[in-house]
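Peer 1: This one is start38.csv, CSV, C-alpha atoms.
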chain,number,residue,atom,x,y,z
Z,874,MET,CA,0.0,0.0,0.0
Z,875,ALA,CA,1.3,3.4,-1.0
Z,876,LYS,CA,2.1,5.8,1.8
Z,877,MET,CA,-0.2,8.7,2.5
Z,878,THR,CA,1.1,12.0,0.9
Z,879,LEU,CA,0.6,15.6,1.9
Z,880,ASP,CA,-1.9,16.0,-1.0
Z,881,ASP,CA,-3.8,13.0,0.4
Z,882,LEU,CA,-3.8,14.5,3.9
Z,883,VAL,CA,-5.1,17.9,2.7
Z,884,ARG,CA,-7.8,16.3,0.5
Z,885,GLN,CA,-9.0,14.1,3.4
Z,886,LEU,CA,-8.9,16.9,5.9
Z,887,SER,CA,-10.9,19.1,3.5
Z,888,ALA,CA,-13.5,16.4,3.2
Z,889,ALA,CA,-13.6,15.9,6.9
Z,890,HIS,CA,-13.9,19.5,8.0
Z,891,GLY,CA,-15.6,21.1,5.0
Z,892,ASP,CA,-16.0,24.9,5.2
Z,893,ALA,CA,-14.7,24.8,8.8
Z,894,LEU,CA,-11.2,24.1,7.6
Z,895,GLU,CA,-9.3,27.3,7.8
Z,896,ALA,CA,-5.7,26.2,7.1
Z,897,VAL,CA,-3.4,23.3,6.6
Z,898,VAL,CA,0.2,24.3,7.1
Z,899,LEU,CA,3.5,22.4,6.8
Z,900,TYR,CA,6.2,23.5,9.3
Z,901,GLY,CA,9.4,22.1,10.8
Z,902,SER,CA,12.5,20.9,8.8
Z,903,ALA,CA,10.5,20.2,5.6
Z,904,ALA,CA,9.3,23.8,5.5
Z,905,ARG,CA,12.8,25.2,6.2
Z,906,HIS,CA,14.4,23.5,3.2
Z,907,GLU,CA,13.6,24.0,-0.5
Z,908,GLY,CA,12.4,21.1,-2.7
Z,909,ALA,CA,10.0,18.3,-2.1
Z,910,PRO,CA,9.3,17.6,1.6
Z,911,SER,CA,10.9,14.4,2.9
Z,912,GLY,CA,11.1,12.5,6.2
Z,913,ALA,CA,8.6,12.9,9.0
Z,914,LEU,CA,6.4,15.9,8.2
Z,915,ASP,CA,5.0,18.3,10.8
Z,916,VAL,CA,1.5,19.7,10.0
Z,917,LEU,CA,-0.6,22.3,11.7
Z,918,VAL,CA,-4.4,22.2,11.1
Z,919,VAL,CA,-6.6,25.2,12.0
Z,920,VAL,CA,-10.3,24.9,12.0
Z,921,ARG,CA,-13.1,27.3,12.9
Z,922,ALA,CA,-15.0,24.6,14.8
Z,923,LEU,CA,-14.7,20.8,15.6
Z,924,SER,CA,-17.9,18.8,15.3
Z,925,ASP,CA,-18.1,15.1,16.4
Z,926,GLY,CA,-18.5,14.0,12.8
Z,927,ALA,CA,-15.5,16.0,11.6
Z,928,LEU,CA,-13.4,14.6,14.5
Z,929,ARG,CA,-14.3,11.0,13.4
Z,930,ALA,CA,-13.6,11.7,9.8
Z,931,ALA,CA,-10.3,13.5,10.5
Z,932,GLY,CA,-9.3,10.7,12.8
Z,933,ALA,CA,-9.2,8.2,9.9
Z,934,ALA,CA,-6.9,10.6,8.0
Z,935,THR,CA,-4.7,11.1,11.1
Z,936,ARG,CA,-4.3,7.3,11.6
Z,937,SER,CA,-3.2,6.9,7.9
Z,938,TRP,CA,-0.9,9.9,8.3
Z,939,MET,CA,0.8,8.4,11.4
Z,940,GLU,CA,1.1,5.0,9.7
Z,941,ALA,CA,3.1,6.7,7.0
Z,942,GLY,CA,5.7,7.7,9.7
Z,943,ASN,CA,4.5,11.2,10.5
Z,944,PRO,CA,3.5,12.8,13.8
Z,945,ALA,CA,-0.1,13.5,14.3
Z,946,PRO,CA,-1.1,16.9,13.0
Z,947,LEU,CA,-1.3,19.7,15.6
Z,948,THR,CA,-5.1,20.6,15.3
Z,949,LEU,CA,-6.3,23.8,16.8
Z,950,THR,CA,-9.4,25.9,16.5
Z,951,SER,CA,-9.1,29.4,15.2
Z,952,SER,CA,-9.4,30.9,18.7
Z,953,GLU,CA,-6.9,28.4,20.1
Z,954,TRP,CA,-4.4,29.3,17.4
Z,955,ARG,CA,-4.7,32.9,18.3
Z,956,SER,CA,-4.2,32.3,22.0
Z,957,SER,CA,-1.8,29.4,22.5
Z,958,ALA,CA,1.6,30.9,21.7
Z,959,ASP,CA,2.4,30.9,25.4
Z,960,ILE,CA,2.0,27.1,25.9
Z,961,PHE,CA,3.3,26.0,22.5
Z,962,ALA,CA,6.1,28.5,22.3
Z,963,ILE,CA,8.6,26.1,20.6
Z,964,GLU,CA,6.1,25.1,18.0
Z,965,TYR,CA,4.9,28.6,17.3
Z,966,ALA,CA,8.4,30.0,17.0
Z,967,ASP,CA,9.2,27.3,14.5
Z,968,ILE,CA,6.0,27.9,12.5
Z,969,LEU,CA,6.4,31.7,12.5
Z,970,ALA,CA,10.0,31.3,11.3
Z,971,ALA,CA,9.2,29.0,8.4
Z,972,HIS,CA,6.0,27.4,7.1
Z,973,ARG,CA,4.2,26.5,3.9
Z,974,VAL,CA,0.5,27.0,3.6
Z,975,LEU,CA,-1.0,23.9,1.8
Z,976,HIS,CA,-4.6,24.9,2.1
Z,977,GLY,CA,-6.5,28.1,3.1
Z,978,THR,CA,-5.0,31.0,4.9
Z,979,LEU,CA,-3.0,31.2,8.1
Z,980,SER,CA,-3.3,34.4,10.0
Z,981,THR,CA,-0.2,35.3,12.1
Z,982,ASP,CA,-1.1,38.9,12.8
Z,983,GLY,CA,-0.5,39.8,16.5
Z,984,ILE,CA,1.0,36.4,17.3
Z,985,VAL,CA,4.2,36.8,19.2
Z,986,VAL,CA,6.3,34.2,21.1
Z,987,ALA,CA,7.5,35.6,24.4
Z,988,ARG,CA,11.1,34.7,25.4
Z,989,ARG,CA,9.9,33.7,29.0
Z,990,ASP,CA,7.4,31.3,27.5
Z,991,LEU,CA,9.9,29.8,25.1
Z,992,ARG,CA,12.4,29.4,28.0
Z,993,LEU,CA,9.9,27.7,30.3
Z,994,GLN,CA,8.7,25.1,27.7
Z,995,LEU,CA,12.3,24.5,26.6
Z,996,GLU,CA,13.4,23.7,30.2
Z,997,ARG,CA,10.5,21.3,30.7
Z,998,GLU,CA,10.9,19.5,27.4
Z,999,THR,CA,14.7,19.3,27.6
Z,1000,MET,CA,14.4,17.6,31.0
Z,1001,GLY,CA,11.7,15.4,29.6
Z,1002,LYS,CA,13.8,14.3,26.6
Z,1003,LEU,CA,16.8,13.8,28.9
Z,1004,LEU,CA,14.9,11.5,31.2
Z,1005,GLN,CA,13.3,9.6,28.3
Z,1006,LEU,CA,16.8,9.0,26.8
Z,1007,ARG,CA,18.1,7.9,30.2
Z,1008,ARG,CA,15.4,5.3,30.6
Z,1009,GLU,CA,15.8,4.0,27.1
Z,1010,MET,CA,19.6,3.8,27.4
Z,1011,GLN,CA,19.2,1.5,30.3
Z,1012,ALA,CA,16.7,-0.7,28.5
Z,1013,ARG,CA,18.8,-1.0,25.4
Z,1014,LEU,CA,22.2,-1.6,27.1
Z,1015,GLY,CA,24.4,-3.9,25.0
Z,1016,ASP,CA,22.1,-3.9,21.9
Z,1017,ALA,CA,23.7,-1.7,19.2
Z,1018,LYS,CA,20.8,-2.1,16.8
Z,1019,ALA,CA,18.3,-0.9,19.4
Z,1020,GLN,CA,20.6,1.9,20.4
Z,1021,ARG,CA,20.8,3.1,16.8
Z,1022,ALA,CA,17.0,2.9,16.5
Z,1023,LEU,CA,16.7,5.0,19.6
Z,1024,LEU,CA,19.1,7.6,18.2
Z,1025,GLU,CA,17.1,7.9,15.1
Z,1026,GLY,CA,13.9,8.2,17.1
Z,1027,VAL,CA,15.1,11.1,19.2
Z,1028,ARG,CA,17.1,13.0,16.6
Z,1029,ALA,CA,14.3,15.3,15.3
Z,1030,GLY,CA,13.1,16.1,18.9
Z,1031,ILE,CA,16.7,17.0,20.0
Z,1032,PHE,CA,17.2,19.4,17.1
Z,1033,ALA,CA,13.8,21.0,17.7
Z,1034,LEU,CA,15.1,21.7,21.2
Z,1035,PHE,CA,18.4,23.0,19.8
Z,1036,ARG,CA,16.7,25.5,17.6
Z,1037,ALA,CA,14.6,26.7,20.5
Z,1038,ALA,CA,17.8,27.1,22.5
Z,1039,LEU,CA,19.4,29.2,19.8
Z,1040,ARG,CA,16.3,31.5,19.9
Z,1041,LEU,CA,17.1,32.1,23.5
Z,1042,SER,CA,20.8,32.8,22.8
Z,1043,GLU,CA,21.7,36.5,22.4
Z,1044,SER,CA,24.6,35.5,20.1
Z,1045,VAL,CA,22.3,34.0,17.5
Z,1046,THR,CA,19.6,36.0,15.7
Z,1047,ALA,CA,17.9,33.0,14.1
Z,1048,PRO,CA,18.6,29.3,13.9
Z,1049,HIS,CA,20.3,28.1,10.7
Z,1050,ALA,CA,18.4,25.7,8.4
Z,1051,ASP,CA,21.4,23.4,8.4
Z,1052,SER,CA,21.4,21.0,11.3
Z,1053,GLU,CA,25.2,20.7,11.4
Z,1054,VAL,CA,25.4,24.4,11.9
Z,1055,VAL,CA,22.7,24.3,14.6
Z,1056,ALA,CA,24.7,21.6,16.5
Z,1057,ARG,CA,27.9,23.6,16.4
Z,1058,GLU,CA,26.2,26.8,17.5
Z,1059,VAL,CA,24.3,25.1,20.4
Z,1060,ALA,CA,27.6,23.5,21.5
Z,1061,ALA,CA,29.3,26.9,21.5
Z,1062,ALA,CA,26.4,28.6,23.4
Z,1063,ALA,CA,25.7,25.8,26.0
Z,1064,GLY,CA,29.2,24.4,26.4
Z,1065,LEU,CA,28.5,20.9,25.2
Z,1066,ASP,CA,30.3,18.5,22.8
Z,1067,ALA,CA,28.9,18.8,19.3
Z,1068,ALA,CA,30.4,15.5,18.1
Z,1069,PRO,CA,27.6,13.0,19.0
Z,1070,PHE,CA,25.0,15.4,17.4
Z,1071,LEU,CA,27.1,15.8,14.3
Z,1072,ALA,CA,27.1,12.0,14.1
Z,1073,LEU,CA,23.3,12.0,14.1
Z,1074,VAL,CA,23.3,14.5,11.2
Z,1075,ALA,CA,25.8,12.4,9.2
Z,1076,ALA,CA,23.7,9.3,9.8
Z,1077,LYS,CA,20.5,11.0,8.7
Z,1078,ARG,CA,22.2,12.3,5.5
Z,1079,GLY,CA,23.7,8.9,4.8
Z,1080,THR,CA,27.3,10.3,4.7
Z,1081,ARG,CA,28.5,8.2,7.7
Z,1082,LYS,CA,26.9,5.3,9.5
Z,1083,ILE,CA,27.1,4.8,13.3
Z,1084,SER,CA,28.8,1.5,13.9
Z,1085,ASP,CA,28.0,-1.0,16.6
Z,1086,GLY,CA,31.0,0.2,18.6
Z,1087,GLU,CA,30.1,3.8,18.2
Z,1088,ALA,CA,26.4,3.5,19.0
Z,1089,PRO,CA,26.8,3.5,22.8
Z,1090,VAL,CA,29.3,6.3,22.7
Z,1091,VAL,CA,27.1,8.5,20.6
Z,1092,LEU,CA,24.1,7.7,22.8
Z,1093,ARG,CA,26.0,8.6,26.0
Z,1094,GLY,CA,27.3,11.7,24.3
Z,1095,CYS,CA,23.7,12.8,23.4
Z,1096,HIS,CA,22.7,12.1,27.0
Z,1097,ASP,CA,25.5,14.2,28.4
Z,1098,GLY,CA,24.8,17.0,25.9
Z,1099,LEU,CA,21.2,17.2,26.8
Z,1100,GLU,CA,22.2,17.2,30.5
Z,1101,LYS,CA,24.4,20.3,29.8
Z,1102,LEU,CA,21.7,21.9,27.7
Z,1103,ALA,CA,19.2,21.5,30.6
Z,1104,GLN,CA,21.6,23.2,32.9
Z,1105,TRP,CA,22.2,26.0,30.4
Z,1106,VAL,CA,18.5,26.6,30.0
Z,1107,ASP,CA,18.0,26.7,33.8
Z,1108,ARG,CA,20.7,29.3,34.1
Z,1109,GLN,CA,18.9,31.5,31.5
Z,1110,THR,CA,15.8,31.3,33.7
Z,1111,MET,CA,17.7,32.2,36.8
Z,1112,ASP,CA,19.5,35.1,35.1
Z,1113,ASP,CA,16.2,36.7,34.1
Z,1114,GLY,CA,14.5,36.0,37.5
Z,1115,ARG,CA,11.5,33.7,38.1
Show how you would write the structure in this file as structure tokens.

Peer 2:
Amino acid sequence: MAKMTLDDLVRQLSAAHGDALEAVVLYGSAARHEGAPSGALDVLVVVRALSDGALRAAGAATRSWMEAGNPAPLTLTSSEWRSSADIFAIEYADILAAHRVLHGTLSTDGIVVARRDLRLQLERETMGKLLQLRREMQARLGDAKAQRALLEGVRAGIFALFRAALRLSESVTAPHADSEVVAREVAAAAGLDAAPFLALVAAKRGTRKISDGEAPVVLRGCHDGLEKLAQWVDRQTMDDGR
């Protein structure tokens, strides 16, 4: 069975929501780079209202979209989209920086991501990612294949945190589209080792595989890097006052 495409998703969402569908928007890494979107795709869906029937119909589209290897779309009502930048600061910052409207119109007038909100979410999610990685490391000890799968699974989330961290850094005006540059800039700002994260980038690009012997080293390096990032974010909070 062919994987569900963006066009398929937009078509099914349009059928599910009808006139209530305000916008379908691609964001994340696929929106930052030119060319055909690839890899896991992040999608924002904005609707004027959510009826039970629309939820059921959109649910079928969501299941197919997730089975194709993508995260579930972030679905918000119009009023929620206008008022949720404080709780989804990382996602909003990413969307405002780069997005492609696939259907309808996305209004961004008056939507601003406050630095304090970005910092709070980043601290919480960095610690969450660190604890998740720590648990999984213990469960996959001695299994290089499982360790590589874990690294692939957490890569996108780590770099989303890195880009949010750079938005907090006064030395960086905006995160670079190139993940290698992002890893080096975060390493310089937060005082962590870029090497394990550069290994993730190379593996994703297919330019260098992570060997069985390297997998536990890269995994531990990512763990230690997230630990230092969490400490750096906490210092940013303390510097500004709570």

Peer 1: Pick from Z:Met1000, Z:Val1059, Z:Ala1017, Z:Leu969: nearest to Z:Gln1104, with only C-alpha atoms counted?

Peer 2: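 Closest residue, counting only C-alpha atoms: Z:Met1000.
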
Peer 1: Choose the residue, out of Z:Glu1058, Z:Asp1051, Z:Glu996, Z:Glu940, that has the smallest atom-to-atom separation from Z:His906; count all atoms listed in the file.

Peer 2: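 Checking each candidate against Z:His906, we get Z:Asp1051 as the closest.
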
Peer 1: Could you tell me how far atom CA of Z:Lys1077 sits from atom CA of Z:Thr878, in Å to one decimal place?

Peer 2: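 One can read the atom CA of Z:Thr878 to atom CA of Z:Lys1077 distance as 20.9 Å.
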
Peer 1: Which residue is closest to Z:Val883? Choose from Z:Arg936, Z:His976, Z:Arg997, Z:His1049 and count only C-alpha atoms.

Peer 2: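 Among Z:Arg936, Z:His976, Z:Arg997, Z:His1049, it is Z:His976 that comes nearest to Z:Val883.
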
Peer 1: Residues within 8 Å of stretch 961-963 of chain Z, please, as a list of chain:residue names. Count all atoms listed in the file; anything in the same chain fewer than 5 positions from it doesn't count.

Peer 2: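 That gives Z:Val986, Z:Ala987, Z:Asp990, Z:Leu991, Z:Gln994, Z:Leu995, Z:Ala1033, Z:Leu1034, Z:Ala1037.
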
Peer 1: Select, from Z:Arg988, Z:Arg1078, Z:Arg1021, Z:Arg1057, the residue with the minimum atom-to-atom distance to Z:Gln1109, counting only C-alpha atoms.

Peer 2: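 Of all the options, Z:Arg988 lies closest to Z:Gln1109.
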
Peer 1: Calculated over all atoms listed in the file, which of the candidates Z:Leu1024, Z:Leu914, Z:Trp938, Z:Ala1038 has the smallest distance to Z:Val1090?

Peer 2: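 Smallest separation from Z:Val1090 among the options: Z:Leu1024.
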
Peer 1: Neighbours of Z:Ala888 within 9 Å (all atoms listed in the file; same-chain residues fewer than 6 positions away dropped), as a PyMOL selection string?

Peer 2: chain Z and resi 927+930-931

Peer 1: Kindly indicate which residue among Z:Asp880, Z:Asp1097, Z:Asp1085, Z:Glu1025 lies nearest to Z:Ala1068, using all atoms listed in the file for the distances.

Peer 2: Z:Asp1097

Peer 1: Would you mind reading off the distance between atom CA of Z:Val918 and atom CA of Z:Pro946, one decimal, in Å?

Peer 2: 6.5 Å

Peer 1: Measure the distance from atom CA of Z:Leu1039 to atom CA of Z:Ser956 in Å and round it to one decimal.

Peer 2: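 Distance between the two atoms: 23.9 Å.
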
Peer 1: Would you kindly identify which residues have an atom no farther than 12 Å from (19.4, 17.7, 10.4), using only C-alpha atoms and the file's own coordinates, and write them out as a PyMOL selection string?

Peer 2: chain Z and resi 901-903+905-906+911-913+1025+1027-1033+1035-1036+1049-1057+1070-1079

Peer 1: Residues around (15.2, 3.0, 27.2), cut-off 12 Å, counting all atoms listed in the file - what are they as a VMD selection string?

Peer 2: chain Z and resid 1002 to 1016 1019 to 1024 1026 to 1027 1092 1096

Peer 1: Give me the residues near Z:Ile968 as a list of chain:residue names, where near means some atom within 9 Å (using all atoms listed in the file) and where sequence neighbours in that chain fewer than 5 positions away do not count.

Peer 2: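 My list of contacting residues is Z:Val898, Z:Leu899, Z:Tyr900, Z:Gly901, Z:Ala904, Z:Leu917, Z:Ile963, Z:Arg973.
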
Peer 1: Could stretch 886-921 of chain Z be completed with N, CA and C atoms and returned as a PDB file, keeping the file's coordinate frame?

Peer 2:
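Done, and the output landed in out-v2.pdb:
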ATOM      1  N   LEU Z 886      -8.571  15.911   4.904  1.00  0.00           N
ATOM      2  CA  LEU Z 886      -8.900  16.900   5.900  1.00  0.00           C
ATOM      3  C   LEU Z 886     -10.007  17.860   5.374  1.00  0.00           C
ATOM      4  N   SER Z 887      -9.889  18.217   4.108  1.00  0.00           N
ATOM      5  CA  SER Z 887     -10.900  19.100   3.500  1.00  0.00           C
ATOM      6  C   SER Z 887     -12.260  18.415   3.469  1.00  0.00           C
ATOM      7  N   ALA Z 888     -12.256  17.112   3.171  1.00  0.00           N
ATOM      8  CA  ALA Z 888     -13.500  16.400   3.200  1.00  0.00           C
ATOM      9  C   ALA Z 888     -14.077  16.235   4.569  1.00  0.00           C
ATOM     10  N   ALA Z 889     -13.198  16.066   5.551  1.00  0.00           N
ATOM     11  CA  ALA Z 889     -13.600  15.900   6.900  1.00  0.00           C
ATOM     12  C   ALA Z 889     -14.223  17.144   7.533  1.00  0.00           C
ATOM     13  N   HIS Z 890     -13.543  18.261   7.328  1.00  0.00           N
ATOM     14  CA  HIS Z 890     -13.900  19.500   8.000  1.00  0.00           C
ATOM     15  C   HIS Z 890     -14.786  20.435   7.146  1.00  0.00           C
ATOM     16  N   GLY Z 891     -14.760  20.257   5.843  1.00  0.00           N
ATOM     17  CA  GLY Z 891     -15.600  21.100   5.000  1.00  0.00           C
ATOM     18  C   GLY Z 891     -15.192  22.568   5.092  1.00  0.00           C
ATOM     19  N   ASP Z 892     -16.221  23.421   5.144  1.00  0.00           N
ATOM     20  CA  ASP Z 892     -16.000  24.900   5.200  1.00  0.00           C
ATOM     21  C   ASP Z 892     -15.333  25.310   6.520  1.00  0.00           C
ATOM     22  N   ALA Z 893     -15.324  24.435   7.529  1.00  0.00           N
ATOM     23  CA  ALA Z 893     -14.700  24.800   8.800  1.00  0.00           C
ATOM     24  C   ALA Z 893     -13.194  24.759   8.765  1.00  0.00           C
ATOM     25  N   LEU Z 894     -12.637  24.154   7.712  1.00  0.00           N
ATOM     26  CA  LEU Z 894     -11.200  24.100   7.600  1.00  0.00           C
ATOM     27  C   LEU Z 894     -10.607  25.415   7.190  1.00  0.00           C
ATOM     28  N   GLU Z 895      -9.814  26.009   8.059  1.00  0.00           N
ATOM     29  CA  GLU Z 895      -9.300  27.300   7.800  1.00  0.00           C
ATOM     30  C   GLU Z 895      -7.873  27.255   7.155  1.00  0.00           C
ATOM     31  N   ALA Z 896      -7.030  26.327   7.625  1.00  0.00           N
ATOM     32  CA  ALA Z 896      -5.700  26.200   7.100  1.00  0.00           C
ATOM     33  C   ALA Z 896      -5.056  24.881   7.372  1.00  0.00           C
ATOM     34  N   VAL Z 897      -4.265  24.403   6.422  1.00  0.00           N
ATOM     35  CA  VAL Z 897      -3.400  23.300   6.600  1.00  0.00           C
ATOM     36  C   VAL Z 897      -1.983  23.750   6.302  1.00  0.00           C
ATOM     37  N   VAL Z 898      -1.068  23.614   7.258  1.00  0.00           N
ATOM     38  CA  VAL Z 898       0.200  24.300   7.100  1.00  0.00           C
ATOM     39  C   VAL Z 898       1.356  23.249   7.431  1.00  0.00           C
ATOM     40  N   LEU Z 899       2.345  23.213   6.565  1.00  0.00           N
ATOM     41  CA  LEU Z 899       3.500  22.400   6.800  1.00  0.00           C
ATOM     42  C   LEU Z 899       4.564  23.273   7.516  1.00  0.00           C
ATOM     43  N   TYR Z 900       5.163  22.723   8.589  1.00  0.00           N
ATOM     44  CA  TYR Z 900       6.200  23.500   9.300  1.00  0.00           C
ATOM     45  C   TYR Z 900       7.329  22.487   9.671  1.00  0.00           C
ATOM     46  N   GLY Z 901       8.315  22.957  10.415  1.00  0.00           N
ATOM     47  CA  GLY Z 901       9.400  22.100  10.800  1.00  0.00           C
ATOM     48  C   GLY Z 901      10.494  22.023   9.704  1.00  0.00           C
ATOM     49  N   SER Z 902      11.301  20.957   9.728  1.00  0.00           N
ATOM     50  CA  SER Z 902      12.500  20.900   8.800  1.00  0.00           C
ATOM     51  C   SER Z 902      12.037  20.862   7.367  1.00  0.00           C
ATOM     52  N   ALA Z 903      10.919  20.243   7.042  1.00  0.00           N
ATOM     53  CA  ALA Z 903      10.500  20.200   5.600  1.00  0.00           C
ATOM     54  C   ALA Z 903      10.150  21.574   5.102  1.00  0.00           C
ATOM     55  N   ALA Z 904       9.680  22.465   5.970  1.00  0.00           N
ATOM     56  CA  ALA Z 904       9.300  23.800   5.500  1.00  0.00           C
ATOM     57  C   ALA Z 904      10.575  24.710   5.465  1.00  0.00           C
ATOM     58  N   ARG Z 905      11.626  24.367   6.222  1.00  0.00           N
ATOM     59  CA  ARG Z 905      12.800  25.200   6.200  1.00  0.00           C
ATOM     60  C   ARG Z 905      13.687  24.959   4.972  1.00  0.00           C
ATOM     61  N   HIS Z 906      13.544  23.813   4.338  1.00  0.00           N
ATOM     62  CA  HIS Z 906      14.400  23.500   3.200  1.00  0.00           C
ATOM     63  C   HIS Z 906      13.560  23.536   1.910  1.00  0.00           C
ATOM     64  N   GLU Z 907      14.211  23.947   0.838  1.00  0.00           N
ATOM     65  CA  GLU Z 907      13.600  24.000  -0.500  1.00  0.00           C
ATOM     66  C   GLU Z 907      13.437  22.585  -1.034  1.00  0.00           C
ATOM     67  N   GLY Z 908      12.566  22.438  -2.017  1.00  0.00           N
ATOM     68  CA  GLY Z 908      12.400  21.100  -2.700  1.00  0.00           C
ATOM     69  C   GLY Z 908      11.256  20.360  -2.068  1.00  0.00           C
ATOM     70  N   ALA Z 909      11.100  19.113  -2.545  1.00  0.00           N
ATOM     71  CA  ALA Z 909      10.000  18.300  -2.100  1.00  0.00           C
ATOM     72  C   ALA Z 909      10.208  17.875  -0.625  1.00  0.00           C
ATOM     73  N   PRO Z 910       9.169  17.980   0.205  1.00  0.00           N
ATOM     74  CA  PRO Z 910       9.300  17.600   1.600  1.00  0.00           C
ATOM     75  C   PRO Z 910       9.652  16.126   1.742  1.00  0.00           C
ATOM     76  N   SER Z 911      10.480  15.789   2.726  1.00  0.00           N
ATOM     77  CA  SER Z 911      10.900  14.400   2.900  1.00  0.00           C
ATOM     78  C   SER Z 911      10.989  14.143   4.435  1.00  0.00           C
ATOM     79  N   GLY Z 912      11.056  12.857   4.808  1.00  0.00           N
ATOM     80  CA  GLY Z 912      11.100  12.500   6.200  1.00  0.00           C
ATOM     81  C   GLY Z 912       9.803  12.709   6.898  1.00  0.00           C
ATOM     82  N   ALA Z 913       9.812  12.668   8.234  1.00  0.00           N
ATOM     83  CA  ALA Z 913       8.600  12.900   9.000  1.00  0.00           C
ATOM     84  C   ALA Z 913       8.171  14.370   8.826  1.00  0.00           C
ATOM     85  N   LEU Z 914       6.881  14.582   8.572  1.00  0.00           N
ATOM     86  CA  LEU Z 914       6.400  15.900   8.200  1.00  0.00           C
ATOM     87  C   LEU Z 914       5.482  16.439   9.360  1.00  0.00           C
ATOM     88  N   ASP Z 915       5.751  17.672   9.799  1.00  0.00           N
ATOM     89  CA  ASP Z 915       5.000  18.300  10.800  1.00  0.00           C
ATOM     90  C   ASP Z 915       3.881  19.193  10.181  1.00  0.00           C
ATOM     91  N   VAL Z 916       2.650  19.006  10.605  1.00  0.00           N
ATOM     92  CA  VAL Z 916       1.500  19.700  10.000  1.00  0.00           C
ATOM     93  C   VAL Z 916       0.664  20.359  11.064  1.00  0.00           C
ATOM     94  N   LEU Z 917       0.305  21.609  10.821  1.00  0.00           N
ATOM     95  CA  LEU Z 917      -0.600  22.300  11.700  1.00  0.00           C
ATOM     96  C   LEU Z 917      -1.976  22.407  10.921  1.00  0.00           C
ATOM     97  N   VAL Z 918      -3.056  22.121  11.637  1.00  0.00           N
ATOM     98  CA  VAL Z 918      -4.400  22.200  11.100  1.00  0.00           C
ATOM     99  C   VAL Z 918      -5.197  23.205  11.917  1.00  0.00           C
ATOM    100  N   VAL Z 919      -5.747  24.226  11.280  1.00  0.00           N
ATOM    101  CA  VAL Z 919      -6.600  25.200  12.000  1.00  0.00           C
ATOM    102  C   VAL Z 919      -7.984  25.139  11.456  1.00  0.00           C
ATOM    103  N   VAL Z 920      -8.936  24.965  12.381  1.00  0.00           N
ATOM    104  CA  VAL Z 920     -10.300  24.900  12.000  1.00  0.00           C
ATOM    105  C   VAL Z 920     -11.174  25.874  12.770  1.00  0.00           C
ATOM    106  N   ARG Z 921     -12.273  26.291  12.186  1.00  0.00           N
ATOM    107  CA  ARG Z 921     -13.100  27.300  12.900  1.00  0.00           C
ATOM    108  C   ARG Z 921     -13.920  26.603  13.998  1.00  0.00           C
TER     109      ARG Z 921
END
